[in-house]
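J.: Starting off with a structure, shown below.
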Amino acid sequence: MAMANDTVATRQHQLKVSRVFPASREQVFAAWSSAEHVKHWFCPQGFTVPHATVEFRPGGAFDVCMRAPDGQEHWTRGHFLEVVPPARLVIDMTVPGADGEPLFSAHTTVVFTSGCGGTHMEVEQAYTLFHPLAEQMVKGAQMGWEQTLDRLGRALEYAQQPAARSVVHGSFRIERRFDVPRERVWSAFADQEAKAKWFGGGNGQTILARTADIRPGGREHVQGRWGSGTVSTFDAVYFDVVPNERLVYSYEMHLDQRKISVSLATLELKQDGAGTLVVMSEHGAFLDGYDDAGSRERGTNLLLDAVGEYLKG
């Protein structure tokens, strides 16, 4: 372990920060319950969360990657010690350095109590420093948590009440090569039984409904419930279906009863030697205050990862 001297490892710091949110204990508690929730708020101003793993049970992982405005990524690695719905969480967190050795640890207790017109959430952290670099990092923790709770407040406000009508546009293009013929890749997307093996149902989601009719004018419907209780719904209409070459479709996404986006997507398959080049292009309209924060592109990359694993099998 990288330490300047033996006294560094014994140095302790503590932090306590709290906030009252105009939401129920169940809603505030659920904000910690899945990677998709955490990605929308668990970082200070100007940062994003491109990667997270949340296994919402005692012993489960709580790993969060915060990307700074300059592109540097900073990981927090942890696991849940206690999960007591909807009253209390205890998480053991460690922040590693570039060499993977811990800079400091943070024993984190989060308590949720009703009252004051909403939910009082108190975060208490006890830090143990293992490296001199951690001193400055811990000094900025108070401000970081204040900004993070500001973001949580905005996320809960969005969930609580309809936002002002607005549309924010976003586009992305992803290329991925698979070492299998086009016909196999096409089947993974166009055959309902094959697609069911990789599309949805991962990362703590339970599939509630699934239908697909992939032809011009055909529809696809997938609905799943996350560990937090939130239900997501994917409804697509196919406009152009060229076997082994192209799919063009539009789809809506709902979280519970709220429509969050409408997208136009194109899947292209191109022969590339003995393999297949997949090009996914998408333009999304994100509705009424929904902050995508890049999660749709990240999610599509994860789905293509799942396609690759399916094709290997």
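Chain labels run A, B, ... following the order of the structure tokens; each chain numbers its residues from 1, and ligands are numbered from 1 in the order shown.
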As a PyMOL selection string, please: the residues near Asp292 of chain A (cut-off 12 Å, only C-alpha atoms, same-chain neighbours under 2 positions excluded).

T.: chain A and resi 36-37+39-41+48-50+155+167-171+253+260-261+284-290+294-299

J.: Those residues you just picked out, can you put them in a file as a PDB file, in the first residue's frame with C-alpha atoms?

T.:
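Result file part11.pdb:
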```pdb
ATOM      1  CA  GLU A  36     -29.683   3.941 -13.781  1.00  0.00           C
ATOM      2  CA  HIS A  37     -30.857   6.058 -10.833  1.00  0.00           C
ATOM      3  CA  LYS A  39     -26.037   7.843 -12.902  1.00  0.00           C
ATOM      4  CA  HIS A  40     -28.403  10.831 -12.867  1.00  0.00           C
ATOM      5  CA  TRP A  41     -27.228  12.398  -9.614  1.00  0.00           C
ATOM      6  CA  THR A  48     -21.048  12.878 -15.177  1.00  0.00           C
ATOM      7  CA  VAL A  49     -21.391   9.205 -14.237  1.00  0.00           C
ATOM      8  CA  PRO A  50     -20.625   7.077 -17.329  1.00  0.00           C
ATOM      9  CA  ALA A 155     -33.800  14.379 -10.046  1.00  0.00           C
ATOM     10  CA  VAL A 167     -37.480  19.147 -25.968  1.00  0.00           C
ATOM     11  CA  VAL A 168     -33.725  18.518 -25.897  1.00  0.00           C
ATOM     12  CA  HIS A 169     -32.168  16.752 -28.887  1.00  0.00           C
ATOM     13  CA  GLY A 170     -29.288  14.315 -28.865  1.00  0.00           C
ATOM     14  CA  SER A 171     -27.591  12.112 -31.457  1.00  0.00           C
ATOM     15  CA  MET A 253     -39.509   5.286 -23.835  1.00  0.00           C
ATOM     16  CA  ILE A 260     -39.313  10.607 -21.505  1.00  0.00           C
ATOM     17  CA  SER A 261     -38.199  10.366 -25.154  1.00  0.00           C
ATOM     18  CA  GLY A 284     -33.478  11.314 -29.747  1.00  0.00           C
ATOM     19  CA  ALA A 285     -35.905  13.970 -28.540  1.00  0.00           C
ATOM     20  CA  PHE A 286     -35.811  14.038 -24.723  1.00  0.00           C
ATOM     21  CA  LEU A 287     -38.983  15.478 -23.308  1.00  0.00           C
ATOM     22  CA  ASP A 288     -40.153  17.849 -20.586  1.00  0.00           C
ATOM     23  CA  GLY A 289     -37.035  18.190 -18.462  1.00  0.00           C
ATOM     24  CA  TYR A 290     -35.765  14.623 -18.711  1.00  0.00           C
ATOM     25  CA  GLY A 294     -25.573  10.475 -22.122  1.00  0.00           C
ATOM     26  CA  SER A 295     -27.281   7.411 -20.633  1.00  0.00           C
ATOM     27  CA  ARG A 296     -28.978   6.399 -23.898  1.00  0.00           C
ATOM     28  CA  GLU A 297     -25.647   6.099 -25.724  1.00  0.00           C
ATOM     29  CA  ARG A 298     -24.121   4.254 -22.766  1.00  0.00           C
ATOM     30  CA  GLY A 299     -27.104   1.925 -22.691  1.00  0.00           C
TER      31      GLY A 299
END
```

J.: Just the residues within 9 Å of Gln125 of chain A, please, counting only C-alpha atoms, with nothing from its chain fewer than 4 positions along; format it as an MDAnalysis selection string.

T.: chainID A and resid 13:17 106:110

J.: Got a sec to tell me which of segment 99-311 of chain A DSSP assigns to helix (DSSP H, G or I), as a ChimeraX atom specification?

T.: /A:133-139,141-160,182-190,192-195,295-311

J.: Residues at most 12 Å from Gly217 of chain A, counting only C-alpha atoms, excluding those fewer than 6 positions away in the same chain, as a list in words?

T.: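 Contacts, in chain order: Ala236, Val237, Tyr238, Phe239, Asp240, Val241, Leu247, Val248, Tyr249 and Ser250 of chain A.
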
J.: Just C-alpha atoms for this one: save the residues we selected as a CSV table (one decimal), in the first residue's frame.

T.:
```
chain,number,residue,atom,x,y,z
A,236,ALA,CA,-41.2,0.7,-31.3
A,237,VAL,CA,-42.6,0.8,-34.8
A,238,TYR,CA,-40.5,-0.5,-37.7
A,239,PHE,CA,-40.6,1.5,-41.0
A,240,ASP,CA,-37.9,-0.2,-43.1
A,241,VAL,CA,-36.8,-3.8,-42.9
A,247,LEU,CA,-33.6,-1.8,-39.9
A,248,VAL,CA,-35.1,1.7,-39.5
A,249,TYR,CA,-37.5,2.2,-36.6
A,250,SER,CA,-38.9,4.8,-34.2
```

J.: Taking only C-alpha atoms into account, which of A:Ala306, A:Ala190, A:Leu152, A:Val185 comes nearest Ala23 of chain A?

T.: A:Leu152

J.: Could you name the residues that touch Glu245 of chain A at 10 Å or less, counting only C-alpha atoms, but leaving out those on the same chain fewer than 5 positions away, as a list in words?

T.: Arg182, Glu183, Val185, Trp186, Leu267, Glu268, Leu269, Lys270, Gln271 and Val278 of chain A

J.: Set the distance at 8 Å and use only C-alpha atoms: which residues neighbour Met121 of chain A once local chain neighbours fewer than 4 positions away are removed? I'd like the list as a list in words.

T.: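 Surrounding residues, per the criterion: Ser18, Arg19, Val20, Phe21, Val110, Val111, Phe112 and Thr113 of chain A.
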
J.: Print the selection's residues with all heavy atoms to a file, as a PDB file, in the first residue's frame.

T.:
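Dumped to part_3.pdb:
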```
ATOM      1  N   SER A  18     -26.757  17.025   5.269  1.00  0.00           N
ATOM      2  CA  SER A  18     -28.144  16.583   5.239  1.00  0.00           C
ATOM      3  C   SER A  18     -28.960  17.503   4.343  1.00  0.00           C
ATOM      4  O   SER A  18     -28.547  18.625   4.021  1.00  0.00           O
ATOM      5  CB  SER A  18     -28.744  16.556   6.644  1.00  0.00           C
ATOM      6  OG  SER A  18     -28.792  17.857   7.193  1.00  0.00           O
ATOM      7  N   ARG A  19     -30.113  17.026   3.968  1.00  0.00           N
ATOM      8  CA  ARG A  19     -30.993  17.790   3.085  1.00  0.00           C
ATOM      9  C   ARG A  19     -32.426  17.277   3.276  1.00  0.00           C
ATOM     10  O   ARG A  19     -32.633  16.079   3.527  1.00  0.00           O
ATOM     11  CB  ARG A  19     -30.566  17.603   1.622  1.00  0.00           C
ATOM     12  CG  ARG A  19     -31.243  18.523   0.612  1.00  0.00           C
ATOM     13  CD  ARG A  19     -30.765  19.956   0.776  1.00  0.00           C
ATOM     14  NE  ARG A  19     -29.329  20.086   0.622  1.00  0.00           N
ATOM     15  CZ  ARG A  19     -28.704  20.282  -0.539  1.00  0.00           C
ATOM     16  NH1 ARG A  19     -29.400  20.320  -1.665  1.00  0.00           N
ATOM     17  NH2 ARG A  19     -27.396  20.428  -0.583  1.00  0.00           N
ATOM     18  N   VAL A  20     -33.401  18.156   3.150  1.00  0.00           N
ATOM     19  CA  VAL A  20     -34.808  17.766   3.155  1.00  0.00           C
ATOM     20  C   VAL A  20     -35.315  17.822   1.723  1.00  0.00           C
ATOM     21  O   VAL A  20     -35.175  18.847   1.045  1.00  0.00           O
ATOM     22  CB  VAL A  20     -35.654  18.682   4.065  1.00  0.00           C
ATOM     23  CG1 VAL A  20     -37.134  18.312   3.951  1.00  0.00           C
ATOM     24  CG2 VAL A  20     -35.191  18.564   5.510  1.00  0.00           C
ATOM     25  N   PHE A  21     -35.877  16.719   1.266  1.00  0.00           N
ATOM     26  CA  PHE A  21     -36.418  16.628  -0.093  1.00  0.00           C
ATOM     27  C   PHE A  21     -37.932  16.517  -0.037  1.00  0.00           C
ATOM     28  O   PHE A  21     -38.472  15.757   0.783  1.00  0.00           O
ATOM     29  CB  PHE A  21     -35.852  15.400  -0.823  1.00  0.00           C
ATOM     30  CG  PHE A  21     -34.361  15.406  -0.960  1.00  0.00           C
ATOM     31  CD1 PHE A  21     -33.577  14.561  -0.186  1.00  0.00           C
ATOM     32  CD2 PHE A  21     -33.738  16.248  -1.870  1.00  0.00           C
ATOM     33  CE1 PHE A  21     -32.199  14.550  -0.312  1.00  0.00           C
ATOM     34  CE2 PHE A  21     -32.354  16.256  -1.994  1.00  0.00           C
ATOM     35  CZ  PHE A  21     -31.584  15.406  -1.214  1.00  0.00           C
ATOM     36  N   VAL A 110     -26.252   6.476   5.634  1.00  0.00           N
ATOM     37  CA  VAL A 110     -27.311   7.346   5.117  1.00  0.00           C
ATOM     38  C   VAL A 110     -28.597   6.989   5.852  1.00  0.00           C
ATOM     39  O   VAL A 110     -29.014   5.822   5.846  1.00  0.00           O
ATOM     40  CB  VAL A 110     -27.507   7.169   3.600  1.00  0.00           C
ATOM     41  CG1 VAL A 110     -28.432   8.245   3.059  1.00  0.00           C
ATOM     42  CG2 VAL A 110     -26.172   7.191   2.865  1.00  0.00           C
ATOM     43  N   VAL A 111     -29.209   7.994   6.489  1.00  0.00           N
ATOM     44  CA  VAL A 111     -30.425   7.774   7.271  1.00  0.00           C
ATOM     45  C   VAL A 111     -31.555   8.604   6.673  1.00  0.00           C
ATOM     46  O   VAL A 111     -31.378   9.795   6.354  1.00  0.00           O
ATOM     47  CB  VAL A 111     -30.203   8.159   8.752  1.00  0.00           C
ATOM     48  CG1 VAL A 111     -31.493   7.999   9.548  1.00  0.00           C
ATOM     49  CG2 VAL A 111     -29.099   7.296   9.354  1.00  0.00           C
ATOM     50  N   PHE A 112     -32.727   7.984   6.506  1.00  0.00           N
ATOM     51  CA  PHE A 112     -33.889   8.606   5.892  1.00  0.00           C
ATOM     52  C   PHE A 112     -35.004   8.680   6.936  1.00  0.00           C
ATOM     53  O   PHE A 112     -35.423   7.653   7.472  1.00  0.00           O
ATOM     54  CB  PHE A 112     -34.380   7.784   4.703  1.00  0.00           C
ATOM     55  CG  PHE A 112     -33.317   7.455   3.684  1.00  0.00           C
ATOM     56  CD1 PHE A 112     -32.434   6.404   3.899  1.00  0.00           C
ATOM     57  CD2 PHE A 112     -33.202   8.192   2.508  1.00  0.00           C
ATOM     58  CE1 PHE A 112     -31.455   6.088   2.966  1.00  0.00           C
ATOM     59  CE2 PHE A 112     -32.227   7.882   1.575  1.00  0.00           C
ATOM     60  CZ  PHE A 112     -31.351   6.832   1.804  1.00  0.00           C
ATOM     61  N   THR A 113     -35.499   9.899   7.224  1.00  0.00           N
ATOM     62  CA  THR A 113     -36.596  10.057   8.173  1.00  0.00           C
ATOM     63  C   THR A 113     -37.657  10.966   7.569  1.00  0.00           C
ATOM     64  O   THR A 113     -37.343  11.933   6.866  1.00  0.00           O
ATOM     65  CB  THR A 113     -36.113  10.657   9.505  1.00  0.00           C
ATOM     66  OG1 THR A 113     -35.328  11.833   9.246  1.00  0.00           O
ATOM     67  CG2 THR A 113     -35.292   9.667  10.281  1.00  0.00           C
TER      68      THR A 113
END
```

J.: Enter the distance from atom CA of Gly71 of chain A to atom CA of Leu133 of chain A, in Å, rounded to one decimal.

T.: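 Interatomic distance, atom CA of Gly71 of chain A to atom CA of Leu133 of chain A: 19.8 Å.
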
J.: List every residue of segment 104-142 of chain A that DSSP, applied to the backbone, labels as strand (DSSP E or B), and write the result as a compact mmCIF listing (two decimals) with N, CA and C atoms, in the first residue's frame.

T.:
```
# COMPACT_ATOMS: atom_id res chain seq x y z
N PHE A 104 -8.03 6.57 0.16
CA PHE A 104 -8.74 6.68 1.43
C PHE A 104 -10.00 5.83 1.38
N SER A 105 -10.54 5.54 2.53
CA SER A 105 -11.81 4.84 2.63
C SER A 105 -12.82 5.75 3.30
N ALA A 106 -14.11 5.47 3.05
CA ALA A 106 -15.18 6.29 3.61
C ALA A 106 -16.30 5.36 4.07
N HIS A 107 -16.42 5.22 5.38
CA HIS A 107 -17.53 4.46 5.95
C HIS A 107 -18.75 5.38 5.93
N THR A 108 -19.75 5.04 5.13
CA THR A 108 -20.85 5.96 4.80
C THR A 108 -22.17 5.43 5.36
N THR A 109 -22.83 6.26 6.14
CA THR A 109 -24.14 5.93 6.69
C THR A 109 -25.15 6.95 6.19
N VAL A 110 -26.25 6.48 5.63
CA VAL A 110 -27.31 7.35 5.12
C VAL A 110 -28.60 6.99 5.85
N VAL A 111 -29.21 7.99 6.49
CA VAL A 111 -30.42 7.77 7.27
C VAL A 111 -31.55 8.60 6.67
N PHE A 112 -32.73 7.98 6.51
CA PHE A 112 -33.89 8.61 5.89
C PHE A 112 -35.00 8.68 6.94
N THR A 113 -35.50 9.90 7.22
CA THR A 113 -36.60 10.06 8.17
C THR A 113 -37.66 10.97 7.57
N SER A 114 -38.91 10.64 7.86
CA SER A 114 -40.03 11.44 7.36
C SER A 114 -40.23 12.65 8.27
N GLY A 115 -40.78 13.72 7.67
CA GLY A 115 -41.06 14.93 8.42
C GLY A 115 -40.67 16.16 7.65
N GLY A 118 -41.52 16.36 3.97
CA GLY A 118 -40.87 15.50 2.99
C GLY A 118 -40.00 14.47 3.68
N THR A 119 -38.79 14.30 3.17
CA THR A 119 -37.85 13.32 3.73
C THR A 119 -36.53 13.99 4.07
N HIS A 120 -36.11 13.80 5.30
CA HIS A 120 -34.80 14.29 5.74
C HIS A 120 -33.79 13.17 5.50
N MET A 121 -32.78 13.45 4.69
CA MET A 121 -31.73 12.48 4.41
C MET A 121 -30.41 13.02 4.97
N GLU A 122 -29.79 12.24 5.82
CA GLU A 122 -28.51 12.63 6.42
C GLU A 122 -27.43 11.66 5.99
N VAL A 123 -26.34 12.19 5.45
CA VAL A 123 -25.18 11.40 5.04
C VAL A 123 -24.04 11.69 6.01
N GLU A 124 -23.52 10.63 6.61
CA GLU A 124 -22.38 10.78 7.51
C GLU A 124 -21.26 9.87 7.01
N GLN A 125 -20.06 10.44 6.87
CA GLN A 125 -18.91 9.67 6.40
C GLN A 125 -17.76 9.80 7.39
N ALA A 126 -17.13 8.66 7.66
CA ALA A 126 -15.89 8.63 8.45
C ALA A 126 -14.78 8.17 7.52
N TYR A 127 -13.79 9.04 7.33
CA TYR A 127 -12.72 8.77 6.38
C TYR A 127 -11.47 8.24 7.09
N THR A 128 -10.81 7.30 6.46
CA THR A 128 -9.47 6.88 6.87
C THR A 128 -8.53 7.13 5.70
N LEU A 129 -7.50 7.94 5.93
CA LEU A 129 -6.60 8.36 4.87
C LEU A 129 -5.38 7.43 4.81
```

J.: With only C-alpha atoms as the basis for distance, which of A:Gln72, A:Thr94, A:Gln142, A:Gln147 is at the shortest distance from Phe42 of chain A?

T.: A:Gln147

J.: Sort by chain and increasing residue number a table of all residues of segment 49-80 of chain A within 9 Å of segment 84-91 of chain A, each with its closest pair of atoms and their distance in Å to one decimal, counting only C-alpha atoms, and write it as a Markdown table.

T.:
```
| residue | atom | partner | partner_atom | distance |
| --- | --- | --- | --- | --- |
| A:Pro58 | CA | A:Val90 | CA | 8.9 |
| A:Phe62 | CA | A:Ile91 | CA | 7.8 |
| A:Gly78 | CA | A:Ile91 | CA | 6.7 |
| A:His79 | CA | A:Ile91 | CA | 5.7 |
| A:Phe80 | CA | A:Ile91 | CA | 4.4 |
```

J.: What does the distance from atom CA of Thr276 of chain A to atom CA of Arg176 of chain A come to in Å, to one decimal?

T.: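 Pair atom CA of Thr276 of chain A / atom CA of Arg176 of chain A returns 8.4 Å.
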
J.: Would you work out the distance separating atom CA of Gln205 of chain A from atom CA of Ser232 of chain A, expressed in Å to one decimal?

T.: 9.3 Å
